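Text of upload.csv, listed as CSV, C-alpha atoms and all ligand atoms:
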```csv
chain,number,residue,atom,x,y,z
P,1,MET,CA,73.2,58.2,17.5
P,2,ALA,CA,75.1,60.5,19.8
P,3,SER,CA,73.7,64.0,20.1
P,4,GLU,CA,75.6,67.2,19.4
P,5,PHE,CA,75.9,67.8,23.1
P,6,GLN,CA,77.3,64.3,23.7
P,7,ARG,CA,79.8,64.8,20.9
P,8,ARG,CA,81.0,68.1,22.5
P,9,LYS,CA,81.0,66.7,26.0
P,10,VAL,CA,82.8,63.4,25.2
P,11,GLY,CA,85.0,65.3,22.6
P,12,GLY,CA,86.5,67.4,25.3
P,13,VAL,CA,87.6,64.3,27.2
P,14,PHE,CA,88.7,62.7,23.9
P,15,ARG,CA,91.0,65.6,23.1
P,16,ALA,CA,92.5,65.5,26.6
P,17,MET,CA,93.3,61.8,26.1
P,18,ASP,CA,94.6,62.2,22.5
P,19,VAL,CA,98.0,63.4,23.7
P,20,ASP,CA,99.7,63.4,20.3
P,21,GLY,CA,96.6,65.1,18.7
P,22,ASP,CA,96.3,62.8,15.7
P,23,GLY,CA,92.6,62.3,16.3
P,24,ARG,CA,93.0,58.7,17.4
P,25,LEU,CA,93.5,57.1,20.8
P,26,THR,CA,96.2,54.5,20.8
P,27,GLU,CA,98.2,52.8,23.5
P,28,SER,CA,100.9,55.4,23.1
P,29,ASP,CA,98.4,58.1,24.1
P,30,PHE,CA,97.6,56.1,27.3
P,31,GLN,CA,101.3,55.8,28.0
P,32,ALA,CA,101.7,59.5,27.4
P,33,LEU,CA,98.8,60.2,29.7
P,34,ALA,CA,100.3,58.1,32.5
P,35,ASP,CA,103.6,60.0,32.0
P,36,ARG,CA,101.8,63.4,32.1
P,37,TRP,CA,99.9,62.4,35.3
P,38,THR,CA,103.2,61.2,36.8
P,39,ALA,CA,104.9,64.5,35.8
P,40,VAL,CA,102.2,66.5,37.7
P,41,ALA,CA,103.5,64.7,40.7
P,42,GLY,CA,100.4,65.6,42.6
P,43,PRO,CA,98.8,63.3,45.2
P,44,VAL,CA,96.8,61.3,42.7
P,45,ASP,CA,98.4,58.0,41.9
P,46,PRO,CA,98.9,58.1,38.1
P,47,HIS,CA,99.0,54.4,37.7
P,48,ARG,CA,95.7,53.9,39.5
P,49,LEU,CA,94.1,56.6,37.4
P,50,ALA,CA,95.5,55.1,34.2
P,51,SER,CA,94.4,51.6,35.1
P,52,VAL,CA,90.8,52.9,35.5
P,53,MET,CA,90.9,54.2,31.9
P,54,THR,CA,92.8,51.4,30.3
P,55,GLY,CA,90.2,49.0,31.7
P,56,TRP,CA,88.0,50.2,28.8
P,57,TRP,CA,90.7,49.8,26.2
P,58,PRO,CA,89.5,46.3,25.0
P,59,VAL,CA,85.9,47.7,24.7
P,60,LEU,CA,87.1,50.6,22.7
P,61,GLN,CA,89.3,48.5,20.5
P,62,ASP,CA,86.3,46.2,19.7
P,63,ALA,CA,84.6,49.3,18.3
P,64,SER,CA,87.5,50.4,16.2
P,65,ASP,CA,88.8,49.3,12.9
P,66,GLY,CA,92.2,48.5,14.4
P,67,ASP,CA,93.9,51.7,13.6
P,68,GLY,CA,93.4,53.6,16.8
P,69,VAL,CA,90.1,54.7,18.3
P,70,THR,CA,88.4,57.8,16.8
P,71,LEU,CA,85.9,60.0,18.5
P,72,ASP,CA,83.1,58.5,16.4
P,73,GLU,CA,84.1,55.1,17.6
P,74,VAL,CA,84.2,56.3,21.2
P,75,LEU,CA,80.7,57.7,20.7
P,76,LEU,CA,79.5,54.3,19.4
P,77,VAL,CA,80.7,52.8,22.6
P,78,VAL,CA,79.0,55.6,24.5
P,79,ASP,CA,75.7,54.8,22.7
P,80,GLY,CA,75.9,51.3,24.0
P,81,LEU,CA,76.5,52.2,27.6
P,82,ASP,CA,72.8,52.0,28.5
P,83,GLY,CA,73.1,48.3,28.5
P,84,MET,CA,76.4,48.3,30.5
P,85,THR,CA,75.4,50.2,33.7
P,86,ASP,CA,77.2,47.8,36.0
P,87,ALA,CA,80.4,48.3,34.1
P,88,VAL,CA,80.0,52.1,34.2
P,89,ALA,CA,79.2,52.0,37.9
P,90,GLY,CA,82.3,49.8,38.5
P,91,THR,CA,84.5,52.4,36.7
P,92,ALA,CA,82.9,55.1,38.8
P,93,ASP,CA,83.8,53.3,42.0
P,94,ALA,CA,87.4,52.7,40.8
P,95,MET,CA,87.7,56.3,39.9
P,96,PHE,CA,86.2,57.3,43.3
P,97,GLU,CA,88.8,55.3,45.1
P,98,ALA,CA,91.6,56.8,43.0
P,99,ILE,CA,90.4,60.3,43.9
P,100,ASP,CA,89.7,59.7,47.6
P,101,LEU,CA,93.3,60.4,48.6
P,102,ASP,CA,92.9,60.3,52.3
P,103,GLY,CA,90.6,57.2,52.1
P,104,ASP,CA,87.9,58.7,54.3
P,105,GLY,CA,85.1,57.6,51.9
P,106,PHE,CA,84.4,61.1,50.6
P,107,ILE,CA,85.7,63.3,47.9
P,108,SER,CA,86.6,66.7,49.3
P,109,ARG,CA,86.7,69.9,47.3
P,110,SER,CA,90.6,69.8,47.3
P,111,GLU,CA,90.6,66.1,46.2
P,112,TYR,CA,88.3,66.9,43.3
P,113,ALA,CA,90.5,69.9,42.3
P,114,ALA,CA,93.6,67.5,42.4
P,115,LEU,CA,91.8,65.1,40.1
P,116,ILE,CA,90.9,67.8,37.5
P,117,GLU,CA,94.3,69.3,37.6
P,118,THR,CA,96.0,66.0,37.2
P,119,TRP,CA,93.6,65.0,34.4
P,120,SER,CA,93.9,68.2,32.4
P,121,GLY,CA,97.6,68.6,33.1
P,122,ALA,CA,97.1,72.3,34.0
P,123,PRO,CA,95.5,74.3,36.9
P,124,THR,CA,91.8,74.4,36.2
P,125,ALA,CA,89.1,76.4,38.1
P,126,THR,CA,86.8,73.9,39.8
P,127,ASP,CA,85.2,76.3,42.4
P,128,ASP,CA,82.0,76.7,40.2
P,129,VAL,CA,81.7,73.0,39.4
P,130,PHE,CA,82.1,71.4,42.8
P,131,PRO,CA,79.1,72.9,44.5
P,132,ARG,CA,76.9,71.7,41.6
P,133,LEU,CA,78.2,68.2,42.0
P,134,ASP,CA,77.7,68.2,45.8
P,135,LEU,CA,74.0,67.5,45.5
P,136,ASP,CA,73.1,67.7,49.2
P,137,GLY,CA,75.5,70.6,49.8
P,138,ASP,CA,77.3,68.9,52.7
P,139,GLY,CA,80.7,69.9,51.4
P,140,HIS,CA,81.9,66.6,49.9
P,141,LEU,CA,80.9,64.0,47.3
P,142,THR,CA,79.7,60.6,48.5
P,143,ARG,CA,80.3,57.4,46.4
P,144,GLU,CA,76.6,57.6,45.4
P,145,GLU,CA,76.8,61.2,44.3
P,146,PHE,CA,79.9,60.5,42.3
P,147,ARG,CA,78.4,57.4,40.7
P,148,THR,CA,75.3,59.4,39.7
P,149,HIS,CA,77.5,62.1,38.0
P,150,TRP,CA,79.9,59.6,36.3
P,151,THR,CA,77.0,57.6,34.9
P,152,GLU,CA,75.3,60.8,33.7
P,153,PHE,CA,78.5,62.0,32.0
P,154,TRP,CA,79.1,58.8,30.1
P,155,ALA,CA,75.6,57.4,29.5
P,156,GLY,CA,73.4,60.5,29.8
P,157,ASP,CA,72.5,63.4,27.4
P,158,ASN,CA,71.3,66.2,29.6
P,159,PRO,CA,73.1,69.6,29.3
P,160,ASN,CA,71.5,70.7,32.6
P,161,ALA,CA,72.6,67.7,34.7
P,162,PRO,CA,75.5,68.5,37.0
P,163,GLY,CA,77.2,65.2,36.0
P,164,SER,CA,77.7,66.6,32.5
P,165,TYR,CA,80.4,68.7,34.1
P,166,VAL,CA,82.2,66.1,36.2
P,167,PHE,CA,85.4,66.7,34.1
P,168,GLY,CA,84.9,70.5,34.3
P,169,PRO,CA,83.0,72.7,31.8
P,170,PRO,CA,82.6,71.2,28.3
P,171,ALA,CA,84.6,72.7,25.4
P,172,ARG,CA,82.5,74.9,23.2
P,201,CA,CA,96.6,59.9,19.4
P,202,CA,CA,88.6,62.0,51.0
P,203,CA,CA,77.5,65.7,49.2
```
Take the structure I supplied and represent it as structure tokens, if you would.
Ligand SMILES: [Ca+2]
Ligand SMILES: [Ca+2]
Ligand SMILES: [Ca+2]
Amino acid sequence: MASEFQRRKVGGVFRAMDVDGDGRLTESDFQALADRWTAVAGPVDPHRLASVMTGWWPVLQDASDGDGVTLDEVLLVVDGLDGMTDAVAGTADAMFEAIDLDGDGFISRSEYAALIETWSGAPTATDDVFPRLDLDGDGHLTREEFRTHWTEFWAGDNPNAPGSYVFGPPAR
């Protein structure tokens, strides 16, 4: 069973992805997300970002009753991620490459800010979050740091872990 914290954490991402706000993720939400990301016209390639997320679509659909994917169904998938660590790490790497705009193998503070702004569709303060994610304080995120946070976000349940805030502060 997902904890209250996981429900709140994943629920924030769910609401960002449920573009039409009907409480279910459908393919039209993913299309609308790609459109939103394209409209931001930032440096993040919206199609690359969308393909990272749509890679999980078959897994989500398997958990659903065929009428869109609800938050409860997403949480069912989240519950099962302990046994899918390779798939989660693979998504982290794909996401990392989508964020690493200059391809230098690191995520800079500005690359991270571009991701969150594109993701949320609005300017979002990331100055407080980034230093927490930068575990060794060298000013950028390595692939390993990002993989740690991404895995914590999706498979973990620790309100004090920096990775719980990889998409920004959770909704209350
Ligand atoms: Ca929807
Ligand atoms: Ca970079
Ligand atoms: Ca670092």
12 Å from ligand CA 202 (chain P) is the threshold here; counting only C-alpha atoms and all ligand atoms, which polymer residues fall inside it? Answer as a PyMOL selection string.
chain P and resi 43-44+96-115+139-143
Near ligand CA 201 (chain P), 9 Å: chain P residue rows, closest pairs, only C-alpha atoms and all ligand atoms, as a tab-separated table:
```
residue	atom	partner	partner_atom	distance
P:Arg15	CA	P:CA201	CA	8.8
P:Met17	CA	P:CA201	CA	7.7
P:Asp18	CA	P:CA201	CA	4.3
P:Val19	CA	P:CA201	CA	5.7
P:Asp20	CA	P:CA201	CA	4.8
P:Gly21	CA	P:CA201	CA	5.2
P:Asp22	CA	P:CA201	CA	4.7
P:Gly23	CA	P:CA201	CA	5.6
P:Arg24	CA	P:CA201	CA	4.3
P:Leu25	CA	P:CA201	CA	4.4
P:Thr26	CA	P:CA201	CA	5.6
P:Glu27	CA	P:CA201	CA	8.4
P:Ser28	CA	P:CA201	CA	7.2
P:Asp29	CA	P:CA201	CA	5.3
P:Phe30	CA	P:CA201	CA	8.8
P:Gly68	CA	P:CA201	CA	7.5
P:Val69	CA	P:CA201	CA	8.4
P:Thr70	CA	P:CA201	CA	8.9
```
Save the residues we just selected, C-alpha atoms, as an mmCIF file, keeping the file's coordinate frame?
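Saved result, out-v9.cif, follows:
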```cif
data_model
loop_
_atom_site.group_PDB
_atom_site.id
_atom_site.type_symbol
_atom_site.label_atom_id
_atom_site.label_comp_id
_atom_site.auth_asym_id
_atom_site.auth_seq_id
_atom_site.Cartn_x
_atom_site.Cartn_y
_atom_site.Cartn_z
ATOM 1 C CA ARG P 15 91.000 65.600 23.100
ATOM 2 C CA MET P 17 93.300 61.800 26.100
ATOM 3 C CA ASP P 18 94.600 62.200 22.500
ATOM 4 C CA VAL P 19 98.000 63.400 23.700
ATOM 5 C CA ASP P 20 99.700 63.400 20.300
ATOM 6 C CA GLY P 21 96.600 65.100 18.700
ATOM 7 C CA ASP P 22 96.300 62.800 15.700
ATOM 8 C CA GLY P 23 92.600 62.300 16.300
ATOM 9 C CA ARG P 24 93.000 58.700 17.400
ATOM 10 C CA LEU P 25 93.500 57.100 20.800
ATOM 11 C CA THR P 26 96.200 54.500 20.800
ATOM 12 C CA GLU P 27 98.200 52.800 23.500
ATOM 13 C CA SER P 28 100.900 55.400 23.100
ATOM 14 C CA ASP P 29 98.400 58.100 24.100
ATOM 15 C CA PHE P 30 97.600 56.100 27.300
ATOM 16 C CA GLY P 68 93.400 53.600 16.800
ATOM 17 C CA VAL P 69 90.100 54.700 18.300
ATOM 18 C CA THR P 70 88.400 57.800 16.800
#
```
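Neighbouring residues of Lys9 in chain P at 12 Å or closer, counting only C-alpha atoms and skipping chain neighbours under 6 positions away, are Ala2, Ser3, Arg15, Ala16, Leu71, Val74, Leu75, Val78, Glu152, Phe153, Trp154, Ala155, Gly156, Asp157, Asn158, Pro159, Gly163, Ser164, Tyr165, Val166, Phe167, Gly168, Pro169, Pro170, Ala171 and Arg172 of chain P.
Among the candidate residues P:Trp119, P:Trp57, P:Trp150, P:Phe130, the one lying nearest to ligand CA 203 (chain P) is P:Phe130, with distances computed using only C-alpha atoms and all ligand atoms.
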CA of Asp86 in chain P to CA of Pro162 in chain P, straight-line distance in Å:
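Answer for the CA of Pro162 in chain P to CA of Asp86 in chain P separation: 20.8 Å.
For the pair CA of Ala122 in chain P and CA of Ala39 in chain P, the separation is 11.2 Å.
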May I ask for the distance between CA of Pro131 in chain P and CA of Ile116 in chain P, given in Å to one decimal place?
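Computing it gives 14.6 Å between the two atoms.
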